[in-house]
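Here is work-v6.cif, consisting of mmCIF, C-alpha atoms and all ligand atoms:
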```cif
data_upload
#
loop_
_atom_site.label_atom_id
_atom_site.label_comp_id
_atom_site.auth_asym_id
_atom_site.auth_seq_id
_atom_site.Cartn_x
_atom_site.Cartn_y
_atom_site.Cartn_z
CA MET T 175 -24.35 50.85 -55.77
CA SER T 176 -21.65 48.20 -55.85
CA ASP T 177 -23.60 44.97 -55.41
CA THR T 178 -22.04 42.94 -58.21
CA ALA T 179 -23.55 39.74 -56.75
CA ALA T 180 -26.92 40.88 -58.10
CA PHE T 181 -25.48 41.69 -61.51
CA VAL T 182 -25.42 38.20 -63.02
CA PRO T 183 -29.01 37.19 -62.10
CA LEU T 184 -30.32 40.49 -63.51
CA LEU T 185 -28.26 39.96 -66.65
CA LEU T 186 -29.42 36.37 -67.20
CA ASP T 187 -33.07 37.21 -66.59
CA TRP T 188 -32.87 40.02 -69.14
CA PHE T 189 -31.20 37.76 -71.72
CA ALA T 190 -33.79 35.03 -71.27
CA ALA T 191 -36.55 37.56 -71.98
CA SER T 192 -34.91 39.77 -74.61
CA ARG T 193 -32.32 37.83 -76.59
CA ARG T 194 -32.26 38.24 -80.35
CA ASP T 195 -33.46 35.35 -82.48
CA LEU T 196 -30.19 34.66 -84.31
CA PRO T 197 -30.02 31.62 -86.61
CA TRP T 198 -27.22 29.80 -84.77
CA ARG T 199 -29.07 30.15 -81.46
CA ARG T 200 -31.82 27.76 -82.56
CA ASP T 201 -29.88 24.57 -81.84
CA TYR T 202 -26.33 25.77 -81.07
CA ASP T 203 -24.85 23.47 -83.69
CA PRO T 204 -21.06 23.75 -83.07
CA TYR T 205 -20.20 24.33 -86.75
CA ALA T 206 -22.81 27.10 -87.01
CA VAL T 207 -21.62 28.71 -83.76
CA TRP T 208 -18.02 28.61 -84.98
CA VAL T 209 -18.85 30.20 -88.36
CA SER T 210 -20.97 32.88 -86.66
CA GLU T 211 -18.20 33.76 -84.22
CA ILE T 212 -15.59 34.07 -86.96
CA MET T 213 -17.92 36.26 -89.02
CA ALA T 214 -18.80 38.43 -86.02
CA GLN T 215 -15.18 39.36 -85.37
CA GLN T 216 -14.87 43.05 -86.36
CA THR T 217 -18.37 42.97 -87.91
CA GLN T 218 -21.79 44.18 -86.74
CA MET T 219 -24.36 41.43 -86.15
CA ASP T 220 -26.92 42.85 -88.58
CA ARG T 221 -24.32 42.49 -91.36
CA VAL T 222 -23.34 39.01 -90.21
CA VAL T 223 -26.78 37.38 -90.44
CA PRO T 224 -27.31 37.54 -94.25
CA TYR T 225 -23.71 36.45 -94.87
CA PHE T 226 -24.11 33.62 -92.36
CA THR T 227 -27.34 32.41 -93.96
CA ARG T 228 -25.83 32.34 -97.45
CA PHE T 229 -22.60 30.74 -96.20
CA MET T 230 -24.44 27.96 -94.38
CA ALA T 231 -26.58 27.25 -97.45
CA ARG T 232 -23.42 26.96 -99.54
CA PHE T 233 -21.21 25.17 -96.97
CA PRO T 234 -23.63 23.48 -94.52
CA ASN T 235 -21.07 21.51 -92.52
CA VAL T 236 -17.36 21.00 -91.91
CA ALA T 237 -17.07 18.38 -94.68
CA ALA T 238 -18.63 20.69 -97.29
CA LEU T 239 -16.38 23.57 -96.28
CA ALA T 240 -13.26 21.38 -96.21
CA ARG T 241 -13.93 20.30 -99.82
CA ALA T 242 -14.51 23.86 -101.05
CA ASP T 243 -12.29 25.75 -103.44
CA GLU T 244 -10.65 28.74 -101.73
CA ASN T 245 -11.90 31.19 -104.36
CA ASP T 246 -15.49 30.08 -103.65
CA VAL T 247 -15.01 30.64 -99.91
CA LEU T 248 -13.46 34.07 -100.47
CA LYS T 249 -16.29 34.89 -102.87
CA ALA T 250 -18.86 33.96 -100.20
CA TRP T 251 -16.95 36.23 -97.80
CA GLU T 252 -16.62 39.13 -100.26
CA GLY T 253 -17.73 42.38 -98.60
CA LEU T 254 -17.22 41.19 -95.02
CA GLY T 255 -13.54 42.20 -95.07
CA TYR T 256 -10.69 40.79 -93.00
CA TYR T 257 -10.29 37.96 -95.47
CA SER T 258 -7.72 36.09 -93.41
CA ARG T 259 -10.76 34.99 -91.38
CA ALA T 260 -12.14 33.13 -94.42
CA ARG T 261 -8.79 31.57 -95.29
CA ASN T 262 -8.30 30.43 -91.69
CA LEU T 263 -11.84 29.06 -91.53
CA LEU T 264 -11.13 26.93 -94.59
CA ALA T 265 -7.76 25.78 -93.24
CA ALA T 266 -9.36 24.85 -89.92
CA ALA T 267 -12.18 22.94 -91.66
CA ARG T 268 -9.59 20.89 -93.52
CA ILE T 269 -7.82 20.08 -90.25
CA LEU T 270 -11.14 19.10 -88.64
CA ALA T 271 -11.99 16.88 -91.62
CA ALA T 272 -8.58 15.22 -91.54
CA LYS T 273 -8.04 14.84 -87.78
CA HIS T 274 -11.36 15.25 -85.94
CA GLN T 275 -13.84 13.27 -88.08
CA GLY T 276 -15.29 16.55 -89.38
CA THR T 277 -16.45 17.82 -85.99
CA LEU T 278 -15.31 20.56 -83.67
CA PRO T 279 -13.55 19.27 -80.57
CA ALA T 280 -15.43 19.93 -77.31
CA ALA T 281 -12.36 21.22 -75.46
CA TYR T 282 -11.10 24.80 -75.09
CA GLU T 283 -7.42 24.05 -75.79
CA ALA T 284 -8.19 21.98 -78.90
CA ILE T 285 -10.44 24.74 -80.27
CA LEU T 286 -7.75 27.33 -79.49
CA ALA T 287 -5.22 25.31 -81.51
CA LEU T 288 -7.19 25.76 -84.77
CA PRO T 289 -6.12 28.43 -87.30
CA GLY T 290 -7.73 31.83 -86.81
CA ILE T 291 -8.91 31.17 -83.26
CA GLY T 292 -7.72 33.26 -80.33
CA ALA T 293 -8.71 33.26 -76.69
CA TYR T 294 -11.96 35.12 -77.28
CA THR T 295 -13.24 32.85 -80.07
CA ALA T 296 -12.12 29.68 -78.29
CA GLY T 297 -14.03 30.79 -75.19
CA ALA T 298 -17.08 31.74 -77.21
CA VAL T 299 -17.22 28.44 -79.13
CA ALA T 300 -16.42 26.34 -76.04
CA SER T 301 -19.18 27.99 -74.01
CA ILE T 302 -21.86 28.69 -76.63
CA ALA T 303 -21.52 25.49 -78.65
CA PHE T 304 -20.59 23.06 -75.85
CA GLY T 305 -21.68 24.76 -72.63
CA LEU T 306 -18.16 24.65 -71.16
CA ASP T 307 -17.30 27.07 -68.36
CA ALA T 308 -15.07 29.42 -70.37
CA VAL T 309 -15.22 33.21 -70.61
CA ALA T 310 -15.27 35.15 -73.90
CA VAL T 311 -14.11 38.73 -73.47
CA ASP T 312 -14.66 40.93 -76.52
CA ALA T 313 -15.05 44.71 -76.80
CA ASN T 314 -18.71 44.55 -75.74
CA VAL T 315 -17.91 42.53 -72.64
CA MET T 316 -15.01 44.82 -71.74
CA ARG T 317 -17.22 47.87 -71.97
CA VAL T 318 -20.06 46.39 -69.89
CA LEU T 319 -17.78 45.15 -67.11
CA ALA T 320 -15.70 48.34 -67.10
CA ARG T 321 -18.88 50.31 -66.50
CA VAL T 322 -20.68 47.97 -64.11
CA CYS T 323 -17.56 47.41 -61.99
CA ASP T 324 -15.89 50.81 -62.55
CA ILE T 325 -12.59 49.60 -63.97
CA ASP T 326 -10.36 52.66 -64.09
CA VAL T 327 -7.53 51.48 -66.37
CA PRO T 328 -7.54 51.24 -70.19
CA VAL T 329 -9.30 47.96 -70.93
CA LYS T 330 -7.60 47.33 -74.26
CA GLU T 331 -4.12 47.41 -72.75
CA PRO T 332 -2.72 44.19 -71.29
CA ALA T 333 -3.22 45.05 -67.60
CA GLY T 334 -6.79 46.25 -68.17
CA LYS T 335 -7.70 43.29 -70.33
CA ALA T 336 -6.29 40.89 -67.72
CA ARG T 337 -8.36 42.61 -65.04
CA VAL T 338 -11.58 42.39 -67.05
CA THR T 339 -10.91 38.75 -67.93
CA GLU T 340 -10.31 37.86 -64.29
CA LEU T 341 -13.49 39.66 -63.31
CA ALA T 342 -15.45 37.85 -66.03
CA ARG T 343 -14.18 34.53 -64.61
CA GLU T 344 -15.11 35.47 -61.05
CA LEU T 345 -18.63 36.39 -62.10
CA LEU T 346 -19.19 33.35 -64.37
CA PRO T 347 -22.08 31.27 -62.99
CA THR T 348 -21.01 27.62 -63.11
CA GLY T 349 -22.83 25.71 -65.82
CA ARG T 350 -24.38 28.86 -67.34
CA ALA T 351 -21.49 30.11 -69.50
CA ARG T 352 -23.52 29.78 -72.72
CA GLU T 353 -26.12 32.29 -71.53
CA TYR T 354 -23.71 34.41 -69.49
CA ASN T 355 -21.27 35.12 -72.33
CA GLN T 356 -24.00 35.80 -74.86
CA ALA T 357 -25.88 38.01 -72.38
CA LEU T 358 -22.80 40.16 -71.73
CA MET T 359 -22.16 40.57 -75.46
CA GLU T 360 -25.82 41.25 -76.17
CA LEU T 361 -26.11 43.86 -73.43
CA GLY T 362 -23.02 45.60 -74.82
CA ALA T 363 -24.35 45.49 -78.38
CA LEU T 364 -27.94 46.57 -77.70
CA VAL T 365 -28.06 48.59 -74.47
CA CYS T 366 -24.64 49.45 -73.05
CA ARG T 367 -23.48 50.80 -76.41
CA PRO T 368 -20.18 52.67 -76.88
CA LYS T 369 -22.04 55.94 -77.46
CA ASN T 370 -25.42 56.80 -75.96
CA PRO T 371 -25.86 53.79 -73.66
CA ASP T 372 -29.52 53.35 -72.79
CA CYS T 373 -29.09 53.47 -69.01
CA ALA T 374 -32.76 54.32 -68.48
CA ALA T 375 -33.78 50.97 -69.99
CA CYS T 376 -30.82 48.95 -68.73
CA PRO T 377 -31.64 45.77 -66.80
CA VAL T 378 -28.53 46.10 -64.62
CA ALA T 379 -28.71 49.86 -63.99
CA ALA T 380 -29.37 49.31 -60.27
CA VAL T 381 -25.98 47.65 -59.80
CA CYS T 382 -23.94 49.70 -62.28
CA GLN T 383 -21.16 51.58 -60.52
CA ALA T 384 -20.39 53.92 -63.42
CA ARG T 385 -24.01 55.00 -63.51
CA HIS T 386 -24.14 55.39 -59.74
CA LEU T 387 -21.00 57.55 -59.82
CA GLY T 388 -22.11 59.56 -62.87
CA ILE T 389 -19.04 58.54 -64.91
CA VAL T 390 -20.56 56.40 -67.66
CA ALA T 391 -18.98 58.62 -70.33
CA ASP T 392 -15.55 57.98 -68.76
CA ARG T 393 -15.84 54.17 -68.82
CA PRO T 394 -14.25 52.24 -70.28
CA VAL T 395 -11.00 54.18 -70.05
CA LEU T 396 -9.72 54.31 -73.62
CA SER T 397 -6.20 53.97 -74.94
CA LYS T 398 -4.87 56.69 -77.20
CA THR T 399 -6.78 56.53 -80.48
CA PRO T 400 -4.52 55.33 -83.30
CA ASP T 401 -3.93 57.98 -85.96
CA ILE T 402 -5.77 57.62 -89.25
CA THR T 403 -3.33 57.25 -92.14
CA PRO T 404 -4.43 58.51 -95.56
CA LEU T 405 -3.38 56.27 -98.44
CA LEU T 406 -3.38 57.42 -102.08
CA VAL T 407 -3.61 54.46 -104.44
CA ALA T 408 -4.00 54.05 -108.21
CA THR T 409 -5.49 51.05 -109.97
CA GLY T 410 -6.27 50.31 -113.59
CA VAL T 411 -8.65 48.16 -115.63
CA LEU T 412 -6.61 47.11 -118.64
CA ALA T 413 -8.95 46.28 -121.55
CA HIS T 414 -7.82 44.47 -124.68
CA ALA T 415 -9.90 42.79 -127.37
CA GLY T 416 -13.06 42.79 -125.22
CA ARG T 417 -11.40 41.32 -122.12
CA VAL T 418 -9.96 42.79 -118.95
CA PHE T 419 -6.84 41.83 -117.06
CA ILE T 420 -6.92 40.66 -113.43
CA GLN T 421 -4.27 39.03 -111.26
CA LYS T 422 -4.37 36.84 -108.14
CA ARG T 423 -2.46 38.27 -105.19
CA LEU T 424 0.28 36.34 -103.47
CA PRO T 425 -0.99 34.14 -100.59
CA VAL T 426 0.10 36.59 -97.87
CA GLY T 427 -1.28 39.73 -96.27
CA ALA T 428 -4.80 40.97 -95.65
CA TRP T 429 -6.00 40.19 -99.20
CA GLY T 430 -3.86 37.14 -99.93
CA ASN T 431 -5.22 34.90 -102.73
CA MET T 432 -7.86 37.47 -103.71
CA TRP T 433 -8.10 38.86 -107.24
CA GLU T 434 -7.38 42.46 -108.16
CA PHE T 435 -6.65 44.94 -110.87
CA PRO T 436 -2.95 45.80 -110.67
CA GLY T 437 -2.01 49.03 -108.95
CA GLY T 438 -0.36 50.48 -105.89
CA ARG T 439 0.52 53.53 -103.89
CA ILE T 440 0.99 56.88 -105.56
CA GLU T 441 4.45 58.09 -104.70
CA ALA T 442 5.28 61.63 -103.53
CA GLY T 443 5.23 64.07 -106.45
CA GLU T 444 3.64 61.50 -108.79
CA THR T 445 0.26 61.94 -110.51
CA PRO T 446 -2.26 59.08 -110.19
CA GLU T 447 -2.02 58.49 -113.93
CA ALA T 448 1.78 58.25 -113.84
CA ALA T 449 1.49 55.92 -110.85
CA ILE T 450 -0.76 53.43 -112.62
CA VAL T 451 1.47 53.38 -115.71
CA ARG T 452 4.50 52.71 -113.48
CA GLU T 453 2.69 50.08 -111.38
CA PHE T 454 1.64 48.14 -114.48
CA ALA T 455 5.19 48.19 -115.79
CA GLU T 456 6.52 46.95 -112.42
CA GLU T 457 3.86 44.30 -111.77
CA THR T 458 3.19 42.97 -115.28
CA ALA T 459 5.83 44.42 -117.64
CA PHE T 460 2.95 45.75 -119.77
CA THR T 461 3.37 49.24 -121.19
CA VAL T 462 -0.07 50.82 -120.75
CA GLU T 463 -1.78 54.10 -121.58
CA ALA T 464 -4.65 55.65 -119.64
CA SER T 465 -7.66 56.13 -121.88
CA ALA T 466 -10.14 57.40 -119.27
CA LYS T 467 -10.52 58.09 -115.57
CA LEU T 468 -13.24 55.76 -114.30
CA ALA T 469 -13.79 56.74 -110.68
CA VAL T 470 -12.33 57.94 -107.42
CA ILE T 471 -13.35 55.52 -104.68
CA ARG T 472 -12.93 56.21 -100.99
CA HIS T 473 -13.02 53.49 -98.36
CA GLY T 474 -11.43 52.69 -95.03
CA TYR T 475 -9.85 49.68 -93.41
CA THR T 476 -8.28 49.36 -89.95
CA THR T 477 -6.55 52.74 -89.45
CA TYR T 478 -6.23 53.61 -93.14
CA ARG T 479 -8.39 55.93 -95.22
CA VAL T 480 -7.89 54.95 -98.85
CA THR T 481 -8.47 57.14 -101.90
CA LEU T 482 -8.40 54.89 -104.95
CA HIS T 483 -7.92 56.54 -108.36
CA CYS T 484 -9.26 54.17 -111.02
CA TYR T 485 -8.37 54.27 -114.73
CA LEU T 486 -9.41 52.49 -117.88
CA LEU T 487 -6.19 51.44 -119.59
CA ARG T 488 -5.23 50.19 -123.00
CA LEU T 489 -2.20 48.69 -124.64
CA PRO T 490 -0.40 50.54 -127.46
CA ASP T 491 -1.53 49.83 -131.02
CA SER T 492 1.57 47.69 -131.54
CA TYR T 493 -0.14 44.87 -129.56
CA ASP T 494 -1.92 42.46 -131.90
CA PRO T 495 -5.61 42.18 -130.81
CA CYS T 496 -5.61 38.56 -132.00
CA ILE T 497 -2.87 37.56 -129.56
CA THR T 498 -3.45 37.40 -125.80
CA PRO T 499 -0.67 39.44 -124.17
CA VAL T 500 1.34 37.50 -121.59
CA PRO T 501 2.46 39.42 -118.49
CA THR T 502 5.61 38.99 -116.44
CA LEU T 503 4.11 38.87 -112.95
CA THR T 504 6.11 40.25 -110.02
CA ALA T 505 3.36 40.82 -107.42
CA ALA T 506 0.88 38.06 -108.19
CA GLN T 507 0.73 34.29 -108.55
CA GLU T 508 -1.42 34.08 -111.71
CA SER T 509 -3.46 36.24 -114.05
CA LEU T 510 -6.49 36.05 -116.32
CA TRP T 511 -7.99 37.91 -119.26
CA LEU T 512 -11.74 37.86 -118.64
CA ARG T 513 -14.89 39.03 -120.28
CA PRO T 514 -16.21 41.79 -117.94
CA ASP T 515 -19.34 39.83 -117.02
CA ALA T 516 -17.13 37.08 -115.58
CA LEU T 517 -15.69 39.43 -112.92
CA ALA T 518 -18.68 38.59 -110.72
CA ARG T 519 -17.30 35.07 -110.13
CA TYR T 520 -14.08 36.23 -108.48
CA ALA T 521 -13.44 37.64 -105.00
CA PHE T 522 -11.98 41.18 -104.94
CA PRO T 523 -11.01 43.54 -102.08
CA ALA T 524 -13.64 46.13 -101.19
CA GLY T 525 -12.32 49.04 -103.27
CA HIS T 526 -12.07 46.97 -106.46
CA ARG T 527 -15.49 45.40 -105.88
CA LYS T 528 -16.98 48.90 -105.53
CA LEU T 529 -15.35 49.83 -108.83
CA ILE T 530 -16.77 46.73 -110.57
CA ASP T 531 -20.23 47.43 -109.15
CA GLN T 532 -20.08 51.06 -110.28
CA LEU T 533 -19.09 50.02 -113.79
CA ALA T 534 -21.58 47.18 -114.16
CA GLY T 535 -23.89 47.76 -117.06
CA SER T 536 -21.95 50.72 -118.40
CA LEU T 537 -20.40 50.75 -121.82
CA TRP T 538 -16.94 51.19 -120.42
CA LEU T 539 -15.38 48.59 -122.69
CA ALA T 540 -16.97 49.84 -125.87
S1 LIG T 601 -26.52 51.41 -66.56
FE1 LIG T 601 -25.74 52.33 -68.41
S2 LIG T 601 -23.53 52.20 -68.24
FE2 LIG T 601 -24.37 50.81 -66.72
S3 LIG T 601 -24.42 48.82 -67.75
FE3 LIG T 601 -26.42 49.77 -68.07
S4 LIG T 601 -26.27 50.86 -70.03
FE4 LIG T 601 -24.19 50.36 -69.33
#
```
How would this structure read if it were set down as structure tokens?
Amino acid sequence: MSDTAAFVPLLLDWFAASRRDLPWRRDYDPYAVWVSEIMAQQTQMDRVVPYFTRFMARFPNVAALARADENDVLKAWEGLGYYSRARNLLAAARILAAKHQGTLPAAYEAILALPGIGAYTAGAVASIAFGLDAVAVDANVMRVLARVCDIDVPVKEPAGKARVTELARELLPTGRAREYNQALMELGALVCRPKNPDCAACPVAAVCQARHLGIVADRPVLSKTPDITPLLVATGVLAHAGRVFIQKRLPVGAWGNMWEFPGGRIEAGETPEAAIVREFAEETAFTVEASAKLAVIRHGYTTYRVTLHCYLLRLPDSYDPCITPVPTLTAAQESLWLRPDALARYAFPAGHRKLIDQLAGSLWLA
């Protein structure tokens, strides 16, 4: 069946009856909608909700966020990943406080001009927070429209994305963008899932072309899957006189301004232990010795699969325990010697946080 005219009414009726009770949907406060949309980028909704609730309790409005220390914002974001989102959120809040009286502007182009906001997020905030007639095409929306309207080109490539976006605009019911965009996303998240779509329970099954043609598994057409790249990395917890050494990364890259234990890639032909000794020499000028292997932690990000070899390190006996050693930093902007229980106050990338959590309560510094 190819009656797309019936698609939108079926979709909106379903959303009105079945939508999830998400905290920002209670009053569509623009600040709350904005925070939720930034958090939901690359992240499942069930993970977003507890982070959102804690974040809003800590930073309830633009003014509170604009005043916040960046480490506190990164700490509140710790575990969600893609930390540039948190840094951009803070930068945007400071712009809003300085130039927009602490409120989000009710105009698509002005929202789009803020740090960390692309076409999708600008459309989502403009429509969901302000009811403006803008589309918001994310992966869920692409999948739903590719199936319902049988789009036969890869939807993540420019031509396919342009086609889906144009289709989303054609179908947009004037004055109903808030419900329409959320309904498309919700259908994609809950029913028209990437794997095992629940066509039997789908509210738009009667007008879905992919279902009618028996090609649901072939829609959307996918681009070539990017290869997974294995990364072997070594890191070390340098302990000295009851404290551990951490450094703050430079303000660039995926983990800019976050804290870490020094370390880096294991080079070809190098053992993990040799790698961490070399990395410490390069990044801090400390000469270290490995005193124990603490853990091997595996985690993934984007197209990388990381194996992180973690060591407990010490300085040679020639270092005076009464004097705090001073590093020469080459890959960080500052460093600290901390008591281990103070590590909880600082924001670390996922692999290092897993290491800290694994070590919590152990006698690893004894
Ligand atoms: S019928 Fe199946 S493929 Fe079509 S929109 Fe519904 S869940 Fe998706």
Output as CSV one row per residue of range 339-409 of chain T within 8 Å of range 281-303 of chain T: the closest atom pair and its distance in Å to one decimal place, counting all atoms listed in the file, sorted by chain and residue number ascending.
```
residue,atom,partner,partner_atom,distance
T:Ala351,CA,T:Ser301,CA,5.5
T:Arg352,CA,T:Ile302,CA,4.4
T:Glu353,CA,T:Ile302,CA,7.6
T:Asn355,CA,T:Ala298,CA,7.3
T:Gln356,CA,T:Ile302,CA,7.6
```
Per-residue nearest contacts chain T to ligand LIG 601 (chain T), cut-off 8 Å, using all atoms listed in the file, as CSV:
```
residue,atom,partner,partner_atom,distance
T:Arg317,CA,T:LIG601,FE4,7.9
T:Val318,CA,T:LIG601,S3,5.4
T:Leu319,CA,T:LIG601,S3,7.6
T:Arg321,CA,T:LIG601,S2,5.3
T:Val322,CA,T:LIG601,S3,5.3
T:Leu361,CA,T:LIG601,S3,7.7
T:Gly362,CA,T:LIG601,FE4,7.4
T:Val365,CA,T:LIG601,S4,5.3
T:Cys366,CA,T:LIG601,S4,3.7
T:Arg367,CA,T:LIG601,S4,7.0
T:Pro371,CA,T:LIG601,S4,4.7
T:Asp372,CA,T:LIG601,S4,4.9
T:Cys373,CA,T:LIG601,FE1,3.6
T:Ala374,CA,T:LIG601,S1,7.1
T:Ala375,CA,T:LIG601,S4,7.5
T:Cys376,CA,T:LIG601,FE3,4.5
T:Pro377,CA,T:LIG601,FE3,6.7
T:Val378,CA,T:LIG601,FE3,5.5
T:Ala379,CA,T:LIG601,S1,3.7
T:Ala380,CA,T:LIG601,S1,7.2
T:Val381,CA,T:LIG601,S1,7.8
T:Cys382,CA,T:LIG601,FE2,4.6
T:Gln383,CA,T:LIG601,FE2,7.0
T:Ala384,CA,T:LIG601,S2,6.0
T:Arg385,CA,T:LIG601,FE2,5.3
T:Val390,CA,T:LIG601,S2,5.2
T:Arg393,CA,T:LIG601,S2,8.0
```
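Taking CA of Tyr520 in chain T as the reference point, CA of Val500 in chain T is found at 20.3 Å.
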With a distance cut-off of 9 Å and all atoms listed in the file, select the neighbouring residues of range 454-465 of chain T, excluding the residue or stretch itself and same-chain residues fewer than 5 positions from it, and output the selection as an mmCIF file with C-alpha atoms, in the coordinates of the input.
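File written: result_9.cif
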```
data_model
loop_
_atom_site.group_PDB
_atom_site.id
_atom_site.type_symbol
_atom_site.label_atom_id
_atom_site.label_comp_id
_atom_site.auth_asym_id
_atom_site.auth_seq_id
_atom_site.Cartn_x
_atom_site.Cartn_y
_atom_site.Cartn_z
ATOM 1 C CA THR T 409 -5.490 51.050 -109.970
ATOM 2 C CA GLY T 410 -6.270 50.310 -113.590
ATOM 3 C CA LEU T 412 -6.610 47.110 -118.640
ATOM 4 C CA PRO T 436 -2.950 45.800 -110.670
ATOM 5 C CA GLY T 437 -2.010 49.030 -108.950
ATOM 6 C CA GLU T 447 -2.020 58.490 -113.930
ATOM 7 C CA ALA T 449 1.490 55.920 -110.850
ATOM 8 C CA TYR T 485 -8.370 54.270 -114.730
ATOM 9 C CA LEU T 486 -9.410 52.490 -117.880
ATOM 10 C CA LEU T 487 -6.190 51.440 -119.590
ATOM 11 C CA ARG T 488 -5.230 50.190 -123.000
ATOM 12 C CA LEU T 489 -2.200 48.690 -124.640
ATOM 13 C CA PRO T 490 -0.400 50.540 -127.460
ATOM 14 C CA PRO T 499 -0.670 39.440 -124.170
ATOM 15 C CA VAL T 500 1.340 37.500 -121.590
ATOM 16 C CA PRO T 501 2.460 39.420 -118.490
ATOM 17 C CA THR T 502 5.610 38.990 -116.440
ATOM 18 C CA LEU T 503 4.110 38.870 -112.950
ATOM 19 C CA THR T 504 6.110 40.250 -110.020
ATOM 20 C CA ALA T 505 3.360 40.820 -107.420
ATOM 21 C CA ALA T 506 0.880 38.060 -108.190
#
```
One-decimal distance in Å that lies between CA of His526 in chain T and CA of Pro446 in chain T
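We find that CA of Pro446 in chain T and CA of His526 in chain T lie 16.0 Å from each other.
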Fewer than 2 positions away in the same chain doesn't count, so skip those; otherwise give me all residues within 12 Å of range 467-476 of chain T, counting all atoms listed in the file, as a PDB file with C-alpha atoms, keeping the file's coordinate frame.
```pdb
ATOM      1  CA  GLN T 216     -14.870  43.050 -86.360  1.00  0.00           C
ATOM      2  CA  GLY T 253     -17.730  42.380 -98.600  1.00  0.00           C
ATOM      3  CA  LEU T 254     -17.220  41.190 -95.020  1.00  0.00           C
ATOM      4  CA  GLY T 255     -13.540  42.200 -95.070  1.00  0.00           C
ATOM      5  CA  TYR T 256     -10.690  40.790 -93.000  1.00  0.00           C
ATOM      6  CA  TYR T 257     -10.290  37.960 -95.470  1.00  0.00           C
ATOM      7  CA  THR T 399      -6.780  56.530 -80.480  1.00  0.00           C
ATOM      8  CA  PRO T 400      -4.520  55.330 -83.300  1.00  0.00           C
ATOM      9  CA  ASP T 401      -3.930  57.980 -85.960  1.00  0.00           C
ATOM     10  CA  ILE T 402      -5.770  57.620 -89.250  1.00  0.00           C
ATOM     11  CA  THR T 403      -3.330  57.250 -92.140  1.00  0.00           C
ATOM     12  CA  PRO T 404      -4.430  58.510 -95.560  1.00  0.00           C
ATOM     13  CA  LEU T 405      -3.380  56.270 -98.440  1.00  0.00           C
ATOM     14  CA  LEU T 406      -3.380  57.420-102.080  1.00  0.00           C
ATOM     15  CA  VAL T 407      -3.610  54.460-104.440  1.00  0.00           C
ATOM     16  CA  ALA T 408      -4.000  54.050-108.210  1.00  0.00           C
ATOM     17  CA  THR T 409      -5.490  51.050-109.970  1.00  0.00           C
ATOM     18  CA  GLY T 410      -6.270  50.310-113.590  1.00  0.00           C
ATOM     19  CA  VAL T 411      -8.650  48.160-115.630  1.00  0.00           C
ATOM     20  CA  LEU T 412      -6.610  47.110-118.640  1.00  0.00           C
ATOM     21  CA  ALA T 428      -4.800  40.970 -95.650  1.00  0.00           C
ATOM     22  CA  TRP T 429      -6.000  40.190 -99.200  1.00  0.00           C
ATOM     23  CA  PRO T 446      -2.260  59.080-110.190  1.00  0.00           C
ATOM     24  CA  GLU T 447      -2.020  58.490-113.930  1.00  0.00           C
ATOM     25  CA  ILE T 450      -0.760  53.430-112.620  1.00  0.00           C
ATOM     26  CA  GLU T 463      -1.780  54.100-121.580  1.00  0.00           C
ATOM     27  CA  ALA T 464      -4.650  55.650-119.640  1.00  0.00           C
ATOM     28  CA  SER T 465      -7.660  56.130-121.880  1.00  0.00           C
ATOM     29  CA  TYR T 478      -6.230  53.610 -93.140  1.00  0.00           C
ATOM     30  CA  ARG T 479      -8.390  55.930 -95.220  1.00  0.00           C
ATOM     31  CA  VAL T 480      -7.890  54.950 -98.850  1.00  0.00           C
ATOM     32  CA  THR T 481      -8.470  57.140-101.900  1.00  0.00           C
ATOM     33  CA  LEU T 482      -8.400  54.890-104.950  1.00  0.00           C
ATOM     34  CA  HIS T 483      -7.920  56.540-108.360  1.00  0.00           C
ATOM     35  CA  CYS T 484      -9.260  54.170-111.020  1.00  0.00           C
ATOM     36  CA  TYR T 485      -8.370  54.270-114.730  1.00  0.00           C
ATOM     37  CA  LEU T 486      -9.410  52.490-117.880  1.00  0.00           C
ATOM     38  CA  LEU T 487      -6.190  51.440-119.590  1.00  0.00           C
ATOM     39  CA  PRO T 523     -11.010  43.540-102.080  1.00  0.00           C
ATOM     40  CA  ALA T 524     -13.640  46.130-101.190  1.00  0.00           C
ATOM     41  CA  GLY T 525     -12.320  49.040-103.270  1.00  0.00           C
ATOM     42  CA  HIS T 526     -12.070  46.970-106.460  1.00  0.00           C
ATOM     43  CA  ARG T 527     -15.490  45.400-105.880  1.00  0.00           C
ATOM     44  CA  LYS T 528     -16.980  48.900-105.530  1.00  0.00           C
ATOM     45  CA  LEU T 529     -15.350  49.830-108.830  1.00  0.00           C
ATOM     46  CA  ILE T 530     -16.770  46.730-110.570  1.00  0.00           C
ATOM     47  CA  ASP T 531     -20.230  47.430-109.150  1.00  0.00           C
ATOM     48  CA  GLN T 532     -20.080  51.060-110.280  1.00  0.00           C
ATOM     49  CA  LEU T 533     -19.090  50.020-113.790  1.00  0.00           C
ATOM     50  CA  ALA T 534     -21.580  47.180-114.160  1.00  0.00           C
ATOM     51  CA  SER T 536     -21.950  50.720-118.400  1.00  0.00           C
ATOM     52  CA  LEU T 537     -20.400  50.750-121.820  1.00  0.00           C
ATOM     53  CA  TRP T 538     -16.940  51.190-120.420  1.00  0.00           C
ATOM     54  CA  LEU T 539     -15.380  48.590-122.690  1.00  0.00           C
TER      55      LEU T 539
END
```
